[in-house]
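So this one's input-v3.txt, compact mmCIF, C-alpha atoms:
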```txt
# COMPACT_ATOMS: atom_id res chain seq x y z
CA MET A 81 0.00 0.00 0.00
CA ASN A 82 2.78 2.41 0.87
CA VAL A 83 4.54 1.60 -2.40
CA PHE A 84 1.32 2.32 -4.31
CA LEU A 85 0.95 5.72 -2.64
CA ILE A 86 4.57 6.58 -3.35
CA VAL A 87 4.15 5.68 -7.02
CA LEU A 88 0.92 7.67 -7.17
CA ILE A 89 2.57 10.72 -5.62
CA ILE A 90 5.48 10.47 -8.04
CA VAL A 91 3.09 10.25 -11.00
CA VAL A 92 1.13 13.25 -9.75
CA VAL A 93 4.28 15.30 -9.24
CA LEU A 94 5.58 14.39 -12.68
CA GLY A 95 2.23 15.30 -14.17
CA LEU A 96 2.28 18.68 -12.44
CA LEU A 97 5.82 19.32 -13.63
CA VAL A 98 4.92 18.44 -17.21
CA SER A 99 1.83 20.64 -17.12
CA ALA A 100 3.91 23.48 -15.70
CA VAL A 101 6.34 23.47 -18.63
CA ARG A 102 5.56 25.52 -21.70
CA ILE A 103 7.72 26.10 -24.79
CA VAL A 104 7.32 29.35 -26.70
CA LYS A 105 8.73 29.15 -30.22
CA GLN A 106 10.85 31.85 -31.85
CA TYR A 107 8.01 33.14 -34.02
CA GLU A 108 5.59 33.24 -31.08
CA ARG A 109 4.94 35.25 -27.98
CA GLY A 110 3.12 34.00 -24.92
CA VAL A 111 0.45 35.95 -23.01
CA LEU A 112 0.36 34.78 -19.40
CA PHE A 113 -2.94 34.84 -17.49
CA ARG A 114 -3.01 34.20 -13.74
CA LEU A 115 -6.44 33.69 -12.29
CA GLY A 116 -7.87 35.48 -15.34
CA ARG A 117 -5.59 38.54 -15.18
CA VAL A 118 -2.87 39.36 -17.70
CA LEU A 119 0.55 39.21 -16.09
CA GLY A 120 2.60 40.01 -19.17
CA VAL A 121 4.20 38.68 -22.31
CA ARG A 122 6.58 35.75 -22.28
CA GLU A 123 9.49 35.64 -24.73
CA PRO A 124 10.53 32.54 -26.74
CA GLY A 125 12.08 29.68 -24.81
CA LEU A 126 11.24 27.31 -21.96
CA ARG A 127 8.67 28.85 -19.61
CA LEU A 128 7.24 27.56 -16.35
CA ILE A 129 3.73 28.28 -15.17
CA ILE A 130 1.69 27.34 -12.15
CA PRO A 131 -0.66 24.55 -13.13
CA VAL A 132 -4.39 25.27 -12.83
CA VAL A 133 -3.64 28.84 -11.74
CA ASP A 134 -1.84 30.08 -14.86
CA VAL A 135 -2.83 29.93 -18.53
CA LEU A 136 -0.33 30.71 -21.31
CA ARG A 137 -1.77 31.76 -24.68
CA ARG A 138 0.73 31.56 -27.51
CA VAL A 139 0.26 34.05 -30.36
CA PRO A 140 2.14 33.69 -33.71
CA LEU A 141 3.88 36.79 -35.06
CA ARG A 142 4.44 35.56 -38.62
CA ILE A 143 2.61 37.14 -41.54
CA ILE A 144 -0.63 35.29 -42.15
CA THR A 145 -2.07 34.86 -45.65
CA MET A 146 -5.84 35.03 -45.71
CA PRO A 147 -7.81 34.55 -48.95
CA ILE A 148 -10.94 36.65 -49.29
CA GLN A 149 -13.61 34.61 -51.01
CA SER A 150 -15.25 35.86 -54.19
CA GLN A 151 -17.84 38.58 -53.63
CA GLY A 152 -20.72 39.43 -55.97
CA ILE A 153 -20.42 43.22 -56.31
CA ILE A 154 -22.35 45.79 -58.37
CA THR A 155 -20.09 48.58 -59.58
CA ARG A 156 -21.03 52.25 -59.72
CA ASP A 157 -22.12 51.90 -63.36
CA ASN A 158 -24.42 48.96 -62.45
CA VAL A 159 -22.27 46.09 -63.73
CA SER A 160 -22.28 42.86 -61.72
CA VAL A 161 -18.79 41.42 -61.13
CA ASP A 162 -17.30 38.73 -58.91
CA VAL A 163 -14.15 39.90 -57.15
CA SER A 164 -11.82 37.85 -54.97
CA ALA A 165 -8.76 39.08 -53.11
CA VAL A 166 -6.04 38.06 -50.68
CA ALA A 167 -4.93 39.86 -47.52
CA TYR A 168 -1.69 39.62 -45.53
CA PHE A 169 -1.61 40.62 -41.87
CA ARG A 170 0.51 40.15 -38.78
CA VAL A 171 0.07 40.64 -35.04
CA ARG A 172 1.76 43.75 -33.61
CA ASP A 173 0.35 43.73 -30.07
CA VAL A 174 -0.09 40.22 -28.70
CA VAL A 175 -2.04 41.33 -25.63
CA LYS A 176 -4.63 43.25 -27.67
CA SER A 177 -4.96 40.40 -30.17
CA VAL A 178 -5.95 38.09 -27.30
CA VAL A 179 -7.90 40.46 -25.05
CA ALA A 180 -9.57 42.88 -27.47
CA ILE A 181 -11.17 40.32 -29.79
CA GLU A 182 -12.20 36.70 -29.57
CA ASN A 183 -10.96 35.37 -32.95
CA VAL A 184 -8.82 37.83 -34.83
CA THR A 185 -8.59 35.75 -38.04
CA THR A 186 -12.34 35.38 -38.41
CA ALA A 187 -12.87 39.04 -37.61
CA ILE A 188 -10.38 40.20 -40.25
CA ASN A 189 -11.89 37.85 -42.82
CA GLN A 190 -15.38 39.26 -42.29
CA ILE A 191 -14.37 42.91 -42.28
CA ALA A 192 -12.19 42.36 -45.36
CA GLN A 193 -15.17 40.98 -47.28
CA THR A 194 -17.41 43.92 -46.39
CA THR A 195 -14.64 46.44 -47.11
CA LEU A 196 -13.92 44.84 -50.50
CA ARG A 197 -17.60 45.09 -51.45
CA LYS A 198 -17.79 48.69 -50.28
CA VAL A 199 -14.65 49.95 -52.04
CA VAL A 200 -15.23 48.19 -55.37
CA GLY A 201 -18.86 49.33 -55.39
CA GLN A 202 -17.67 52.96 -55.41
CA HIS A 203 -15.78 52.52 -58.71
CA THR A 204 -16.93 51.97 -62.27
CA LEU A 205 -16.03 48.82 -64.18
CA ASP A 206 -13.24 50.52 -66.12
CA GLU A 207 -11.76 51.92 -62.90
CA THR A 208 -11.96 48.51 -61.24
CA LEU A 209 -10.04 46.91 -64.09
CA SER A 210 -7.43 49.65 -64.54
CA GLU A 211 -6.96 51.13 -61.06
CA THR A 212 -6.42 48.01 -58.97
CA ASP A 213 -3.44 49.55 -57.17
CA SER A 214 -5.49 52.43 -55.78
CA ILE A 215 -8.30 50.04 -54.81
CA ASN A 216 -5.81 47.85 -52.93
CA VAL A 217 -4.50 50.89 -51.04
CA ASP A 218 -8.03 52.03 -50.14
CA ILE A 219 -8.97 48.58 -48.81
CA ARG A 220 -5.80 48.34 -46.75
CA ARG A 221 -6.27 51.82 -45.28
CA ILE A 222 -9.86 51.05 -44.21
CA LEU A 223 -8.84 47.71 -42.70
CA ASP A 224 -5.97 49.25 -40.73
CA VAL A 225 -8.36 51.68 -39.03
CA ALA A 226 -10.29 48.77 -37.51
CA THR A 227 -7.55 46.20 -37.01
CA LEU A 228 -5.05 48.45 -35.22
CA ASP A 229 -7.39 48.44 -32.22
CA TRP A 230 -7.08 44.66 -32.24
CA GLY A 231 -3.27 44.77 -32.24
CA VAL A 232 -3.12 43.57 -35.86
CA GLU A 233 -1.59 45.32 -38.90
CA VAL A 234 -2.72 44.57 -42.45
CA THR A 235 0.50 44.62 -44.51
CA LEU A 236 -0.93 44.05 -47.99
CA VAL A 237 -4.22 43.58 -49.85
CA GLU A 238 -4.34 42.46 -53.50
CA LEU A 239 -7.29 41.89 -55.82
CA LYS A 240 -6.75 38.35 -57.07
CA ASP A 241 -9.45 37.78 -59.69
CA ILE A 242 -12.22 39.80 -61.34
CA GLN A 243 -14.88 37.76 -63.13
CA LEU A 244 -17.10 39.53 -65.68
CA PRO A 245 -20.39 38.34 -67.22
CA GLU A 246 -20.03 36.72 -70.65
CA ALA A 247 -22.17 39.42 -72.31
CA MET A 248 -19.89 42.10 -70.86
CA LYS A 249 -16.79 40.26 -72.10
CA ARG A 250 -18.20 40.16 -75.64
CA ALA A 251 -19.15 43.85 -75.49
CA MET A 252 -15.65 44.80 -74.30
CA ALA A 253 -14.11 42.70 -77.09
CA ARG A 254 -16.22 44.54 -79.68
CA GLN A 255 -15.28 47.87 -78.15
CA ALA A 256 -11.57 47.02 -78.24
CA GLU A 257 -11.85 45.91 -81.87
CA ALA A 258 -13.64 49.13 -82.85
CA GLU A 259 -10.99 51.16 -81.05
CA ARG A 260 -8.21 49.40 -82.96
CA GLU A 261 -10.01 49.96 -86.27
CA LYS A 262 -10.42 53.65 -85.44
CA ARG A 263 -6.69 54.01 -84.72
CA ALA A 264 -5.84 52.16 -87.95
CA LYS A 265 -8.02 54.50 -90.01
CA ILE A 266 -6.55 57.56 -88.34
CA ILE A 267 -3.01 56.34 -89.00
CA ASN A 268 -3.91 55.57 -92.62
CA ALA A 269 -5.41 59.04 -93.09
CA GLU A 270 -2.35 60.69 -91.58
CA GLY A 271 -0.15 58.66 -93.94
CA GLU A 272 -2.21 59.74 -96.95
CA SER A 273 -1.95 63.37 -95.84
CA LEU A 274 1.84 63.16 -95.47
CA ALA A 275 2.15 61.40 -98.84
CA ALA A 276 0.05 64.06 -100.55
CA ALA A 277 2.18 66.82 -99.03
CA ALA A 278 5.36 65.07 -100.18
CA LEU A 279 3.96 64.63 -103.70
CA GLY A 280 3.06 68.34 -103.77
CA GLU A 281 6.61 69.27 -102.83
CA ALA A 282 7.95 66.87 -105.48
CA SER A 283 5.73 68.37 -108.17
CA ASP A 284 6.89 71.88 -107.26
CA THR A 285 10.49 70.74 -107.59
CA MET A 286 9.81 69.19 -111.00
CA MET A 287 8.09 72.34 -112.21
CA ALA A 288 11.16 74.33 -111.25
CA HIS A 289 13.53 71.78 -112.83
CA PRO A 290 11.98 70.23 -115.99
CA LEU A 291 14.84 67.78 -116.42
CA ALA A 292 13.94 66.20 -113.10
CA LEU A 293 10.83 64.68 -114.69
CA GLN A 294 12.89 63.19 -117.50
CA LEU A 295 15.33 61.72 -115.00
CA ARG A 296 12.43 60.24 -113.07
CA ASN A 297 11.08 58.71 -116.27
CA LEU A 298 14.46 57.16 -117.01
CA GLN A 299 14.57 55.76 -113.49
CA SER A 300 11.14 54.21 -114.05
CA LEU A 301 12.47 52.52 -117.18
CA VAL A 302 15.36 51.06 -115.21
CA GLU A 303 12.97 49.75 -112.55
CA LEU A 304 10.71 48.18 -115.18
CA GLY A 305 13.68 46.57 -116.89
CA VAL A 306 14.58 44.63 -113.76
CA ASP A 307 11.52 42.38 -114.20
CA LYS A 308 12.51 41.57 -117.85
CA ASN A 309 9.25 42.87 -119.30
CA THR A 310 8.81 42.48 -123.08
CA THR A 311 6.43 45.42 -123.38
CA VAL A 312 7.07 48.76 -121.78
CA VAL A 313 4.46 51.51 -121.72
CA PHE A 314 6.29 54.75 -121.02
CA PRO A 315 4.28 57.89 -120.18
CA ALA A 316 5.17 61.09 -122.08
CA PRO A 317 4.10 64.65 -121.32
CA LEU A 318 0.69 64.64 -123.02
CA MET A 319 0.12 68.33 -123.60
CA THR A 320 3.64 68.91 -124.97
CA THR A 321 3.31 65.98 -127.35
CA ILE A 322 -0.07 67.18 -128.66
CA SER A 323 1.21 70.74 -129.25
CA GLU A 324 4.30 69.44 -131.07
CA LEU A 325 2.17 67.12 -133.18
CA GLY A 326 -0.17 70.01 -134.10
CA ALA A 327 2.75 72.22 -135.13
CA PHE A 328 4.21 69.42 -137.23
CA VAL A 329 0.92 68.84 -139.05
CA ALA A 330 0.52 72.58 -139.71
CA ARG A 331 4.00 72.83 -141.20
CA GLU A 332 3.43 69.78 -143.37
CA THR A 333 0.18 71.25 -144.68
CA ALA A 334 1.85 74.58 -145.46
CA ALA A 335 4.68 72.84 -147.25
CA ALA A 336 2.23 70.84 -149.35
CA ASN A 337 0.35 73.99 -150.38
CA ASN A 338 3.53 76.01 -151.22
CA PRO A 339 6.10 73.65 -152.68
CA SER A 340 9.64 75.01 -152.98
CA PRO A 341 12.70 73.28 -154.40
CA SER A 342 14.96 74.62 -151.74
CA PHE A 343 12.62 73.73 -148.89
CA ALA A 344 13.67 70.85 -146.79
CA ALA A 345 11.39 68.97 -144.50
CA PRO A 346 11.71 70.30 -141.00
CA VAL A 347 13.07 68.10 -138.33
CA VAL A 348 11.35 68.43 -134.97
CA THR A 349 13.72 68.01 -132.10
CA SER A 350 12.78 66.92 -128.57
CA ASN A 351 12.41 70.54 -127.39
CA GLY A 352 10.10 71.54 -130.24
CA ALA A 353 12.76 73.50 -132.28
CA GLU A 354 12.95 73.10 -136.00
CA ALA A 355 16.08 72.19 -137.93
CA ALA A 356 16.36 72.15 -141.73
CA ASP A 357 18.82 70.40 -143.90
CA GLN A 358 20.48 72.96 -146.13
```

Output the file's structure in the form of structure tokens.
Amino acid sequence: MNVFLIVLIIVVVLGLLVSAVRIVKQYERGVLFRLGRVLGVREPGLRLIIPVVDVLRRVPLRIITMPIQSQGIITRDNVSVDVSAVAYFRVRDVVKSVVAIENVTTAINQIAQTTLRKVVGQHTLDETLSETDSINVDIRRILDVATLDWGVEVTLVELKDIQLPEAMKRAMARQAEAEREKRAKIINAEGESLAAAALGEASDTMMAHPLALQLRNLQSLVELGVDKNTTVVFPAPLMTTISELGAFVARETAAANNPSPSFAAPVVTSNGAEAADQ
């Protein structure tokens, strides 16, 4: 009987010693309660408490990743979208995170959902798609106002996915296509305008230098000859050719009406001058 009592006492003592030992990890801090009152914060390491009397709550200090489930939101321009996000937060004051609120993770999750719906609902669809950075900052700022009283700091909030209705996706695709066509037509019109201006300057240069047109015609012949064409249609100055042809016909008619033995048939040169064989 005495041996049984001794063994029982030893077991009870060992049990009390084991229950009095607590280990706080490096990324944790312990909040010590004694008879329901906060005694302070315990640093990482081996810590001893009084069994039954003391309670040690360990609080992690690492950044916690919390996904915010997709929310059905109506934007300011009455478009229904589904938006999901992710929030990152960490505990700054371990005592407040234990005393001020019952479950800090659940509380942040709920307030993040309502804040996401509120902030996105204040923007139009185009702003939601293009100004995600400003929306993330607004959500984080609103969350920090509430969570700092809980000893928690929200370090980052990011919109993760924005789901649009299929009809809206098709409408946006048509809008983007029309925008690209508009830019293409504008660029084409600007090119035509620049080309017309360049041709005007070229024509002015050719008017001032008549030989420039002949040189350009010769260049065209060279370019056509590269392809080994058998037939070449070469444009000539139409009005000049017609006037020269009219003068030649008039001279031939006059010569036929007034024959002369010493008259030689005129030779029309390329510049319209007449030359006679003496």

> Quick one: of A:Gln106, A:Gln299, A:Gln243, A:Ser210, who's nearest to Gly152 in chain A, counting only C-alpha atoms?
Replying inline: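 Closest to Gly152 in chain A of all the choices is A:Gln243.
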
Considering all atoms listed in the file, give me a table of residues in range 150-193 of chain A that are at most 9 Å from range 230-242 of chain A, with the closest atom pair and distance in Å for each, as a tab-separated table.
```
residue	atom	partner	partner_atom	distance
A:Ser150	CA	A:Asp241	CA	8.2
A:Val161	CA	A:Ile242	CA	6.8
A:Asp162	CA	A:Ile242	CA	5.7
A:Val163	CA	A:Ile242	CA	4.6
A:Ser164	CA	A:Asp241	CA	5.3
A:Ala165	CA	A:Leu239	CA	4.2
A:Val166	CA	A:Glu238	CA	5.5
A:Ala167	CA	A:Val237	CA	4.4
A:Tyr168	CA	A:Leu236	CA	5.1
A:Phe169	CA	A:Val234	CA	4.1
A:Arg170	CA	A:Glu233	CA	5.6
A:Val171	CA	A:Val232	CA	4.4
A:Arg172	CA	A:Gly231	CA	5.3
A:Asp173	CA	A:Gly231	CA	4.3
A:Val174	CA	A:Gly231	CA	6.6
A:Val175	CA	A:Gly231	CA	7.6
A:Lys176	CA	A:Gly231	CA	5.0
A:Ser177	CA	A:Gly231	CA	5.1
A:Val178	CA	A:Trp230	CA	8.3
A:Val179	CA	A:Trp230	CA	8.4
A:Ala180	CA	A:Trp230	CA	5.7
A:Ile181	CA	A:Trp230	CA	6.4
A:Val184	CA	A:Trp230	CA	7.5
```

Gap from CA of Asp134 in chain A to CA of Val92 in chain A - Å, one decimal =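 Here the two named atoms are 17.8 Å from each other.
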
Exercise for review: Would you list the contacts of Gly120 in chain A as an NGL selection string, taking every protein, DNA or RNA residue within 8 Å and counting only C-alpha atoms, but skipping same-chain residues closer than 3 positions in sequence?
Suggested key: :A and (111-113)

Hey, which of A:Asn189, A:Ala251, A:Ser273, A:Val91 ends up closest to Met146 in chain A? Count all atoms listed in the file.
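Closest to Met146 in chain A of all the choices is A:Asn189.
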